[in-house]
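Visitor: A single structure is presented below for examination.
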Amino acid sequence: MDKYLKKNKKHWDEVTPVHEKSGYDVKGFKAGGCTLKPIEVEEMGNVKGKSLLHLQCHFGLDTLSWARRGAKATGVDFSDKAIELAQKLSQETGVKANFICSDIYELPKILNKKFDIVFTSYGVLCWLKDLNKWAEIINRFLKPGGYFYIAEQHPFANIFNNEPGAKKLEVTVPYFHNPEPLEWAPGNDYADPTFASTCGTYEWMHPIGEIVDALIGAGLKIEFLHEFPFVCYKAMPFMIQDKDGNWRLKGDPLPLTFSIKATK
Ligand SMILES: C[S@@+](CC[C@H](N)C(=O)[O-])C[C@H]1O[C@@H](n2cnc3c(N)ncnc32)[C@H](O)[C@@H]1O
């Protein structure tokens, strides 16, 4: 495991028990709820009876929510703590899904199966250093006629100053990809701002063109690329929450979330 992966895994192992208690609707899920957001539910439609591979599933709430909607779901994440918790939630609720602990780049070595759908969402791409390899892995796990779907923070949501004192849009992170990752010091957690992690992270920026090109390069056909002027968390301190709980900039000037569907 390289030093970037090692540090990022330590971070995710550390924050998983925090997320179990705060910021994620574990209680609502246990009561029969769905943690998926309207964008992916509407755009993906009926998943009943479909085999679905969820990449970077964290502790499995969305994987299990797809299973509740009738998918035969498999979730993958490199955090042992996250996968242990996902398996515990599956047992406690009786919602069946398969969970695999693996770096997604290593997955082809341990999983030899093809799926109708490969899914991934919100907060996933910044942990990946090589999107061409990522897209090849997606293609490798899709059946012919199957599709890949992603709903994710738009790269524009990640380039501005998000320090607590920030009052306006001010670019502090380059939009374009750099093979050298950004090194972030330990900081307060997005799901529970009262929790300060002890471990920093390494992250990469991926512009929208690079994401689309990687999927096309792997042989997939882009069905759509949609952009939305809101994001599901308070990405900058001066954002305004709308009636649906999403966060917006005044006047909706920029795309802050995107979704892509691509078929094999
Ligand atoms: C922000 S979370 C995704 C949250 C997810 N959308 C959800 O709602 O539960 C990012 C996840 O990516 C995982 N991750 C990061 N790098 C990974 C890698 N190389 N392979 C597998 N999982 C990885 C982390 O462990 C973490 O669970």
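Every chain in the structure tokens takes a letter, A first, then B, and so on in the order presented; its residues are numbered from 1, and the ligands are numbered from 1 following the presented order.
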Using only C-alpha atoms and all ligand atoms, which residues of chain A come within 7 Å of ligand 1, and what is the closest atom pair for each, with the distance in Å to one decimal? Give it as a tab-separated table, sorted by chain and residue number.

Guide:
residue	atom	partner	partner_atom_place_in_ligand_line	distance
A:Leu5	CA	ligand 1	19 (N)	6.5
A:Asn8	CA	ligand 1	15 (C)	6.7
A:Lys9	CA	ligand 1	25 (O)	6.1
A:Trp12	CA	ligand 1	25 (O)	4.9
A:Leu55	CA	ligand 1	21 (C)	6.9
A:Gln56	CA	ligand 1	12 (O)	4.2
A:Cys57	CA	ligand 1	9 (O)	5.2
A:His58	CA	ligand 1	27 (O)	3.1
A:Phe59	CA	ligand 1	9 (O)	6.0
A:Gly60	CA	ligand 1	9 (O)	6.0
A:Leu61	CA	ligand 1	9 (O)	6.0
A:Asp62	CA	ligand 1	8 (O)	5.9
A:Val76	CA	ligand 1	21 (C)	6.4
A:Asp77	CA	ligand 1	22 (N)	3.8
A:Phe78	CA	ligand 1	21 (C)	4.0
A:Ser79	CA	ligand 1	25 (O)	4.7
A:Ala82	CA	ligand 1	27 (O)	6.5
A:Ser102	CA	ligand 1	21 (C)	5.8
A:Asp103	CA	ligand 1	20 (N)	3.4
A:Ile104	CA	ligand 1	20 (N)	4.1
A:Tyr105	CA	ligand 1	19 (N)	6.4
A:Thr120	CA	ligand 1	6 (N)	6.9
A:Ser121	CA	ligand 1	6 (N)	4.5
A:Tyr122	CA	ligand 1	6 (N)	4.3
A:Gly123	CA	ligand 1	1 (C)	3.9
A:Val124	CA	ligand 1	10 (C)	4.8
A:Trp127	CA	ligand 1	16 (N)	4.7
A:Leu128	CA	ligand 1	19 (N)	6.0

Visitor: The selected residues should be written to file as a PDB file, in the first residue's frame (atoms: C-alpha atoms).

Guide:
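So the final result, stored in again26.pdb, reads:
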ATOM      1  CA  LEU A   5      -3.455   5.095   0.348  1.00  0.00           C
ATOM      2  CA  ASN A   8      -6.292   7.954   3.558  1.00  0.00           C
ATOM      3  CA  LYS A   9      -7.310   4.513   4.843  1.00  0.00           C
ATOM      4  CA  TRP A  12     -11.498   6.636   6.909  1.00  0.00           C
ATOM      5  CA  LEU A  55     -17.682   1.419  -5.452  1.00  0.00           C
ATOM      6  CA  GLN A  56     -16.408   3.266  -2.325  1.00  0.00           C
ATOM      7  CA  CYS A  57     -19.565   2.369  -0.394  1.00  0.00           C
ATOM      8  CA  HIS A  58     -18.351   3.713   2.998  1.00  0.00           C
ATOM      9  CA  PHE A  59     -20.365   1.830   5.668  1.00  0.00           C
ATOM     10  CA  GLY A  60     -22.969   0.654   3.225  1.00  0.00           C
ATOM     11  CA  LEU A  61     -26.096   2.731   3.895  1.00  0.00           C
ATOM     12  CA  ASP A  62     -26.587   3.514   0.203  1.00  0.00           C
ATOM     13  CA  VAL A  76     -16.689  -2.224  -1.894  1.00  0.00           C
ATOM     14  CA  ASP A  77     -14.572  -0.007   0.333  1.00  0.00           C
ATOM     15  CA  PHE A  78     -10.947  -0.106   1.481  1.00  0.00           C
ATOM     16  CA  SER A  79     -11.763   0.736   5.131  1.00  0.00           C
ATOM     17  CA  ALA A  82     -16.509   0.733   7.253  1.00  0.00           C
ATOM     18  CA  SER A 102     -10.593  -3.740  -0.976  1.00  0.00           C
ATOM     19  CA  ASP A 103      -8.811  -0.828  -2.573  1.00  0.00           C
ATOM     20  CA  ILE A 104     -10.884  -0.420  -5.743  1.00  0.00           C
ATOM     21  CA  TYR A 105      -7.712  -0.567  -7.859  1.00  0.00           C
ATOM     22  CA  THR A 120     -20.639   5.396  -7.038  1.00  0.00           C
ATOM     23  CA  SER A 121     -21.551   8.683  -5.363  1.00  0.00           C
ATOM     24  CA  TYR A 122     -20.707  11.832  -3.393  1.00  0.00           C
ATOM     25  CA  GLY A 123     -17.178  12.307  -2.134  1.00  0.00           C
ATOM     26  CA  VAL A 124     -15.461   9.532  -4.080  1.00  0.00           C
ATOM     27  CA  TRP A 127      -9.466   9.857  -3.252  1.00  0.00           C
ATOM     28  CA  LEU A 128      -8.483   8.403  -6.628  1.00  0.00           C
TER      29      LEU A 128
END

Visitor: DSSP says alpha helix (DSSP H) for which residues of stretch 166-219 of chain A? Put them as a ChimeraX atom specification?

Guide: /A:208-217

Visitor: What's the 8 Å shell around A:Pro144, counting only C-alpha atoms, without same-chain residues fewer than 2 positions away, as a list in words?

Guide: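 The residues that qualify are Leu142, Gly146 and Lys264 of chain A.
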
Visitor: Could the residues in this selection be saved with N, CA and C atoms as a PDB file, in the first residue's frame?

Guide:
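The resulting file, out-v7.pdb, is shown below:
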ATOM      1  N   LEU A 142     -18.626  -4.344 -15.740  1.00  0.00           N
ATOM      2  CA  LEU A 142     -19.958  -4.193 -16.342  1.00  0.00           C
ATOM      3  C   LEU A 142     -20.254  -5.290 -17.356  1.00  0.00           C
ATOM      4  N   GLY A 146     -24.941  -3.143 -19.715  1.00  0.00           N
ATOM      5  CA  GLY A 146     -25.060  -2.583 -18.370  1.00  0.00           C
ATOM      6  C   GLY A 146     -24.632  -1.117 -18.351  1.00  0.00           C
ATOM      7  N   LYS A 264     -22.296   0.320 -21.393  1.00  0.00           N
ATOM      8  CA  LYS A 264     -21.298  -0.535 -22.041  1.00  0.00           C
ATOM      9  C   LYS A 264     -21.967  -1.219 -23.231  1.00  0.00           C
TER      10      LYS A 264
END

Visitor: Can you list, as number ranges by chain, every protein, DNA or RNA residue that comes within 12 Å of A:Asp252 when you count only C-alpha atoms, leaving out same-chain residues fewer than 6 positions away?

Guide: A: 227-231, 239-242, 246

Visitor: With N, CA and C atoms retained, write the just-selected residues as a PDB file, in the first residue's frame.

Guide:
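What ended up in part-v1.pdb:
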ATOM      1  N   GLU A 227     -25.736  18.716 -14.753  1.00  0.00           N
ATOM      2  CA  GLU A 227     -25.126  19.573 -13.728  1.00  0.00           C
ATOM      3  C   GLU A 227     -26.240  20.225 -12.910  1.00  0.00           C
ATOM      4  N   PHE A 228     -26.003  20.366 -11.624  1.00  0.00           N
ATOM      5  CA  PHE A 228     -27.007  20.917 -10.706  1.00  0.00           C
ATOM      6  C   PHE A 228     -26.379  22.047  -9.885  1.00  0.00           C
ATOM      7  N   PRO A 229     -27.179  23.110  -9.583  1.00  0.00           N
ATOM      8  CA  PRO A 229     -26.587  24.274  -8.900  1.00  0.00           C
ATOM      9  C   PRO A 229     -26.606  24.157  -7.371  1.00  0.00           C
ATOM     10  N   PHE A 230     -26.594  22.947  -6.860  1.00  0.00           N
ATOM     11  CA  PHE A 230     -26.596  22.758  -5.407  1.00  0.00           C
ATOM     12  C   PHE A 230     -25.725  21.563  -5.051  1.00  0.00           C
ATOM     13  N   VAL A 231     -25.419  21.463  -3.765  1.00  0.00           N
ATOM     14  CA  VAL A 231     -24.594  20.356  -3.286  1.00  0.00           C
ATOM     15  C   VAL A 231     -25.220  19.861  -1.979  1.00  0.00           C
ATOM     16  N   MET A 239     -22.963  29.478   2.116  1.00  0.00           N
ATOM     17  CA  MET A 239     -24.026  28.860   1.304  1.00  0.00           C
ATOM     18  C   MET A 239     -25.370  28.921   2.037  1.00  0.00           C
ATOM     19  N   ILE A 240     -26.449  28.835   1.237  1.00  0.00           N
ATOM     20  CA  ILE A 240     -27.806  28.933   1.791  1.00  0.00           C
ATOM     21  C   ILE A 240     -28.479  27.575   1.615  1.00  0.00           C
ATOM     22  N   GLN A 241     -29.148  27.100   2.685  1.00  0.00           N
ATOM     23  CA  GLN A 241     -29.831  25.802   2.572  1.00  0.00           C
ATOM     24  C   GLN A 241     -31.229  25.991   1.981  1.00  0.00           C
ATOM     25  N   ASP A 242     -31.605  25.165   1.003  1.00  0.00           N
ATOM     26  CA  ASP A 242     -32.939  25.297   0.398  1.00  0.00           C
ATOM     27  C   ASP A 242     -33.947  24.387   1.117  1.00  0.00           C
ATOM     28  N   ASN A 246     -30.683  20.929   0.429  1.00  0.00           N
ATOM     29  CA  ASN A 246     -29.449  21.104  -0.347  1.00  0.00           C
ATOM     30  C   ASN A 246     -28.860  22.491  -0.103  1.00  0.00           C
TER      31      ASN A 246
END

Visitor: Pick from A:Met205, A:Ala31, A:Ala97, A:Val18: nearest to A:Lys81, with only C-alpha atoms counted?

Guide: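 The shortest atom-to-atom distance to A:Lys81 comes from A:Val18.
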
Visitor: With distances taken over only C-alpha atoms, which of A:Gln91, A:Asn132, A:Ser197, A:Ser259 is nearest to A:Pro155?

Guide: A:Ser259

Visitor: Per residue of stretch 113-205 of chain A within 12 Å of stretch 233-237 of chain A, record the nearest atom pair and its distance in Å to one decimal, counting only C-alpha atoms, with rows in chain order and ascending residue number, as a tab-separated table.

Guide:
residue	atom	partner	partner_atom	distance
A:Tyr122	CA	A:Tyr233	CA	9.8
A:Gly123	CA	A:Tyr233	CA	10.4
A:Glu152	CA	A:Tyr233	CA	11.5
A:Gln153	CA	A:Tyr233	CA	9.4
A:His154	CA	A:Ala235	CA	10.9
A:Pro155	CA	A:Ala235	CA	11.5
A:Phe156	CA	A:Ala235	CA	10.4
A:Ala157	CA	A:Ala235	CA	6.6
A:Asn158	CA	A:Ala235	CA	7.7
A:Ile159	CA	A:Ala235	CA	10.1
A:Phe160	CA	A:Met236	CA	7.7
A:Asn161	CA	A:Met236	CA	7.2
A:Asn162	CA	A:Met236	CA	4.7
A:Glu163	CA	A:Pro237	CA	7.4
A:Pro164	CA	A:Pro237	CA	5.9
A:Gly165	CA	A:Pro237	CA	7.4
A:Ala166	CA	A:Pro237	CA	6.4
A:Lys167	CA	A:Pro237	CA	7.2
A:Lys168	CA	A:Met236	CA	8.7
A:Leu169	CA	A:Met236	CA	8.6
A:Glu170	CA	A:Met236	CA	10.4
A:Val171	CA	A:Met236	CA	11.7
A:Asp189	CA	A:Tyr233	CA	11.9
A:Tyr190	CA	A:Tyr233	CA	8.1
A:Ala191	CA	A:Tyr233	CA	8.8
A:Asp192	CA	A:Tyr233	CA	11.7
A:Pro193	CA	A:Lys234	CA	11.2

Visitor: Please save C-alpha atoms of the selected residues as an mmCIF file, in the first residue's frame.

Guide:
data_model
loop_
_atom_site.group_PDB
_atom_site.id
_atom_site.type_symbol
_atom_site.label_atom_id
_atom_site.label_comp_id
_atom_site.auth_asym_id
_atom_site.auth_seq_id
_atom_site.Cartn_x
_atom_site.Cartn_y
_atom_site.Cartn_z
ATOM 1 C CA TYR A 122 -20.707 11.832 -3.393
ATOM 2 C CA GLY A 123 -17.178 12.307 -2.134
ATOM 3 C CA GLU A 152 -20.827 13.509 -7.269
ATOM 4 C CA GLN A 153 -19.759 16.937 -6.097
ATOM 5 C CA HIS A 154 -18.860 19.016 -9.132
ATOM 6 C CA PRO A 155 -15.157 19.915 -9.236
ATOM 7 C CA PHE A 156 -16.275 23.578 -8.940
ATOM 8 C CA ALA A 157 -17.535 22.780 -5.408
ATOM 9 C CA ASN A 158 -13.956 21.972 -4.391
ATOM 10 C CA ILE A 159 -11.898 24.899 -5.702
ATOM 11 C CA PHE A 160 -13.073 27.715 -3.417
ATOM 12 C CA ASN A 161 -11.951 28.831 0.026
ATOM 13 C CA ASN A 162 -14.061 26.870 2.521
ATOM 14 C CA GLU A 163 -12.393 28.110 5.715
ATOM 15 C CA PRO A 164 -14.908 29.080 8.457
ATOM 16 C CA GLY A 165 -14.183 32.821 7.862
ATOM 17 C CA ALA A 166 -14.705 32.728 4.048
ATOM 18 C CA LYS A 167 -17.334 35.268 2.906
ATOM 19 C CA LYS A 168 -17.263 35.026 -0.905
ATOM 20 C CA LEU A 169 -16.091 32.868 -3.810
ATOM 21 C CA GLU A 170 -12.309 32.882 -3.806
ATOM 22 C CA VAL A 171 -10.374 30.251 -5.757
ATOM 23 C CA ASP A 189 -14.980 16.254 9.996
ATOM 24 C CA TYR A 190 -17.644 17.153 7.400
ATOM 25 C CA ALA A 191 -20.279 14.942 9.037
ATOM 26 C CA ASP A 192 -19.494 15.966 12.615
ATOM 27 C CA PRO A 193 -17.675 19.325 12.778
#

Visitor: Any idea what's packed within 12 Å of A:Trp184, counting only C-alpha atoms, ignoring anything in its chain fewer than 2 positions away? Could you give it as a list in words?

Guide: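 So the residues in contact are Tyr4, Lys7, Asn8, His11, Cys126, Val173, Pro181, Leu182, Pro186, Gly187, Asn188, Ser197, Thr198, Cys199, Gly200, Thr201, Tyr202, Glu203 and Trp204 of chain A.
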
Visitor: For a test of reading the model, state the distance in Å between atom CA of A:Ile211 and atom CA of A:Leu131, rounded to one decimal.

Guide: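 So the answer is 6.8 Å.
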
Visitor: Find, counting only C-alpha atoms, the residue in A:Asn139, A:Thr16, A:Thr74, A:Asn112 that gets nearest to A:His54.

Guide: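 The answer is A:Thr74, which sits nearest to A:His54.
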
Visitor: Write out as a PyMOL selection string which residues come within 9 Å of A:Lys114 when counting only C-alpha atoms, dropping same-chain ones fewer than 4 positions away.

Guide: chain A and resi 51+53+140-143

Visitor: Using only C-alpha atoms, which protein or nucleic acid residues come within 9 Å of stretch 64-73 of chain A? Drop anything in the same chain fewer than 3 positions from it, and give the result as a ChimeraX atom specification.

Guide: /A:29,32-36,46-54,60-61,86,89-90,95-99

Visitor: Can you list every residue in stretch 41-148 of chain A that DSSP puts in strand (DSSP E), as a VMD selection string?

Guide: chain A and resid 51 to 55 72 to 77 98 to 101 115 to 121 142 to 148

Visitor: How would the residues just picked look written out with N, CA and C atoms as a PDB file, in the first residue's frame?

Guide:
ATOM      1  N   SER A  51     -28.130  -6.711 -10.716  1.00  0.00           N
ATOM      2  CA  SER A  51     -26.917  -6.822  -9.901  1.00  0.00           C
ATOM      3  C   SER A  51     -26.213  -5.466  -9.939  1.00  0.00           C
ATOM      4  N   LEU A  52     -25.807  -4.991  -8.759  1.00  0.00           N
ATOM      5  CA  LEU A  52     -25.275  -3.618  -8.647  1.00  0.00           C
ATOM      6  C   LEU A  52     -23.991  -3.642  -7.822  1.00  0.00           C
ATOM      7  N   LEU A  53     -22.932  -3.103  -8.403  1.00  0.00           N
ATOM      8  CA  LEU A  53     -21.653  -2.979  -7.693  1.00  0.00           C
ATOM      9  C   LEU A  53     -21.487  -1.533  -7.255  1.00  0.00           C
ATOM     10  N   HIS A  54     -21.377  -1.303  -5.941  1.00  0.00           N
ATOM     11  CA  HIS A  54     -21.240   0.047  -5.394  1.00  0.00           C
ATOM     12  C   HIS A  54     -19.780   0.266  -4.997  1.00  0.00           C
ATOM     13  N   LEU A  55     -19.093   1.137  -5.733  1.00  0.00           N
ATOM     14  CA  LEU A  55     -17.682   1.419  -5.452  1.00  0.00           C
ATOM     15  C   LEU A  55     -17.566   2.507  -4.389  1.00  0.00           C
ATOM     16  N   LYS A  72     -29.533  -6.552  -6.320  1.00  0.00           N
ATOM     17  CA  LYS A  72     -28.633  -7.533  -5.696  1.00  0.00           C
ATOM     18  C   LYS A  72     -27.291  -6.813  -5.563  1.00  0.00           C
ATOM     19  N   ALA A  73     -27.098  -6.212  -4.375  1.00  0.00           N
ATOM     20  CA  ALA A  73     -26.029  -5.217  -4.238  1.00  0.00           C
ATOM     21  C   ALA A  73     -24.752  -5.772  -3.611  1.00  0.00           C
ATOM     22  N   THR A  74     -23.617  -5.278  -4.142  1.00  0.00           N
ATOM     23  CA  THR A  74     -22.302  -5.566  -3.575  1.00  0.00           C
ATOM     24  C   THR A  74     -21.602  -4.239  -3.341  1.00  0.00           C
ATOM     25  N   GLY A  75     -21.158  -3.998  -2.109  1.00  0.00           N
ATOM     26  CA  GLY A  75     -20.449  -2.754  -1.792  1.00  0.00           C
ATOM     27  C   GLY A  75     -18.975  -3.014  -1.568  1.00  0.00           C
ATOM     28  N   VAL A  76     -18.141  -2.086  -2.049  1.00  0.00           N
ATOM     29  CA  VAL A  76     -16.689  -2.224  -1.894  1.00  0.00           C
ATOM     30  C   VAL A  76     -16.119  -0.961  -1.264  1.00  0.00           C
ATOM     31  N   ASP A  77     -15.263  -1.136  -0.279  1.00  0.00           N
ATOM     32  CA  ASP A  77     -14.572  -0.007   0.333  1.00  0.00           C
ATOM     33  C   ASP A  77     -13.258  -0.523   0.912  1.00  0.00           C
ATOM     34  N   ASN A  98     -23.760  -7.901  -0.239  1.00  0.00           N
ATOM     35  CA  ASN A  98     -22.436  -8.493  -0.106  1.00  0.00           C
ATOM     36  C   ASN A  98     -21.448  -7.339   0.090  1.00  0.00           C
ATOM     37  N   PHE A  99     -20.516  -7.441   1.019  1.00  0.00           N
ATOM     38  CA  PHE A  99     -19.542  -6.357   1.209  1.00  0.00           C
ATOM     39  C   PHE A  99     -18.123  -6.898   1.102  1.00  0.00           C
ATOM     40  N   ILE A 100     -17.286  -6.139   0.398  1.00  0.00           N
ATOM     41  CA  ILE A 100     -15.904  -6.560   0.156  1.00  0.00           C
ATOM     42  C   ILE A 100     -14.969  -5.437   0.597  1.00  0.00           C
ATOM     43  N   CYS A 101     -13.961  -5.787   1.394  1.00  0.00           N
ATOM     44  CA  CYS A 101     -12.969  -4.789   1.801  1.00  0.00           C
ATOM     45  C   CYS A 101     -11.803  -4.823   0.814  1.00  0.00           C
ATOM     46  N   PHE A 115     -21.582  -7.097 -13.556  1.00  0.00           N
ATOM     47  CA  PHE A 115     -22.783  -6.514 -12.955  1.00  0.00           C
ATOM     48  C   PHE A 115     -23.610  -5.766 -14.011  1.00  0.00           C
ATOM     49  N   ASP A 116     -24.926  -5.620 -13.708  1.00  0.00           N
ATOM     50  CA  ASP A 116     -25.799  -4.822 -14.580  1.00  0.00           C
ATOM     51  C   ASP A 116     -25.511  -3.330 -14.399  1.00  0.00           C
ATOM     52  N   ILE A 117     -25.156  -2.968 -13.140  1.00  0.00           N
ATOM     53  CA  ILE A 117     -24.945  -1.550 -12.816  1.00  0.00           C
ATOM     54  C   ILE A 117     -23.686  -1.415 -11.960  1.00  0.00           C
ATOM     55  N   VAL A 118     -22.857  -0.437 -12.293  1.00  0.00           N
ATOM     56  CA  VAL A 118     -21.784  -0.023 -11.369  1.00  0.00           C
ATOM     57  C   VAL A 118     -22.142   1.389 -10.924  1.00  0.00           C
ATOM     58  N   PHE A 119     -22.171   1.585  -9.612  1.00  0.00           N
ATOM     59  CA  PHE A 119     -22.646   2.846  -9.028  1.00  0.00           C
ATOM     60  C   PHE A 119     -21.589   3.400  -8.078  1.00  0.00           C
ATOM     61  N   THR A 120     -21.502   4.749  -8.033  1.00  0.00           N
ATOM     62  CA  THR A 120     -20.639   5.396  -7.038  1.00  0.00           C
ATOM     63  C   THR A 120     -21.158   6.811  -6.816  1.00  0.00           C
ATOM     64  N   SER A 121     -20.959   7.358  -5.592  1.00  0.00           N
ATOM     65  CA  SER A 121     -21.551   8.683  -5.363  1.00  0.00           C
ATOM     66  C   SER A 121     -20.890   9.492  -4.256  1.00  0.00           C
ATOM     67  N   LEU A 142     -18.626  -4.344 -15.740  1.00  0.00           N
ATOM     68  CA  LEU A 142     -19.958  -4.193 -16.342  1.00  0.00           C
ATOM     69  C   LEU A 142     -20.254  -5.290 -17.356  1.00  0.00           C
ATOM     70  N   LYS A 143     -21.506  -5.759 -17.324  1.00  0.00           N
ATOM     71  CA  LYS A 143     -21.962  -6.675 -18.383  1.00  0.00           C
ATOM     72  C   LYS A 143     -22.199  -5.849 -19.646  1.00  0.00           C
ATOM     73  N   PRO A 144     -22.088  -6.424 -20.842  1.00  0.00           N
ATOM     74  CA  PRO A 144     -22.487  -5.683 -22.042  1.00  0.00           C
ATOM     75  C   PRO A 144     -23.951  -5.248 -21.899  1.00  0.00           C
ATOM     76  N   GLY A 145     -24.258  -3.999 -22.192  1.00  0.00           N
ATOM     77  CA  GLY A 145     -25.625  -3.475 -22.027  1.00  0.00           C
ATOM     78  C   GLY A 145     -25.858  -2.885 -20.643  1.00  0.00           C
ATOM     79  N   GLY A 146     -24.941  -3.143 -19.715  1.00  0.00           N
ATOM     80  CA  GLY A 146     -25.060  -2.583 -18.370  1.00  0.00           C
ATOM     81  C   GLY A 146     -24.632  -1.117 -18.351  1.00  0.00           C
ATOM     82  N   TYR A 147     -24.848  -0.461 -17.215  1.00  0.00           N
ATOM     83  CA  TYR A 147     -24.451   0.959 -17.169  1.00  0.00           C
ATOM     84  C   TYR A 147     -23.732   1.347 -15.896  1.00  0.00           C
ATOM     85  N   PHE A 148     -22.931   2.409 -16.036  1.00  0.00           N
ATOM     86  CA  PHE A 148     -22.253   3.046 -14.898  1.00  0.00           C
ATOM     87  C   PHE A 148     -22.995   4.327 -14.581  1.00  0.00           C
TER      88      PHE A 148
END

Visitor: For A:Glu43, which residue among A:Ala196, A:Pro207, A:Ala218, A:Ile150 is the nearest when counting only C-alpha atoms?

Guide: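 Ranking A:Ala196, A:Pro207, A:Ala218, A:Ile150 by distance to A:Glu43, first place goes to A:Ile150.
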
Visitor: Take atom CA of A:Asp13 and atom CA of A:Thr93 and report the distance between them in Å, one decimal.

Guide: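 These two atoms are separated by 22.6 Å.
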
Visitor: Smallest atom-to-atom distance to A:His206: which of A:Arg248, A:Lys261, A:Lys129, A:Lys109, using only C-alpha atoms?

Guide: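 Among the listed residues, the smallest separation from A:His206 belongs to A:Lys129.
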
Visitor: Given only C-alpha atoms as the basis, pick out the residue of A:Tyr175, A:Lys21, A:Leu107, A:Gly217 nearest to A:Glu136.

Guide: A:Gly217

Visitor: Work out how far atom CA of A:Pro38 is from atom CA of A:Lys133, in Å to one decimal.

Guide: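 So the answer is 29.0 Å.
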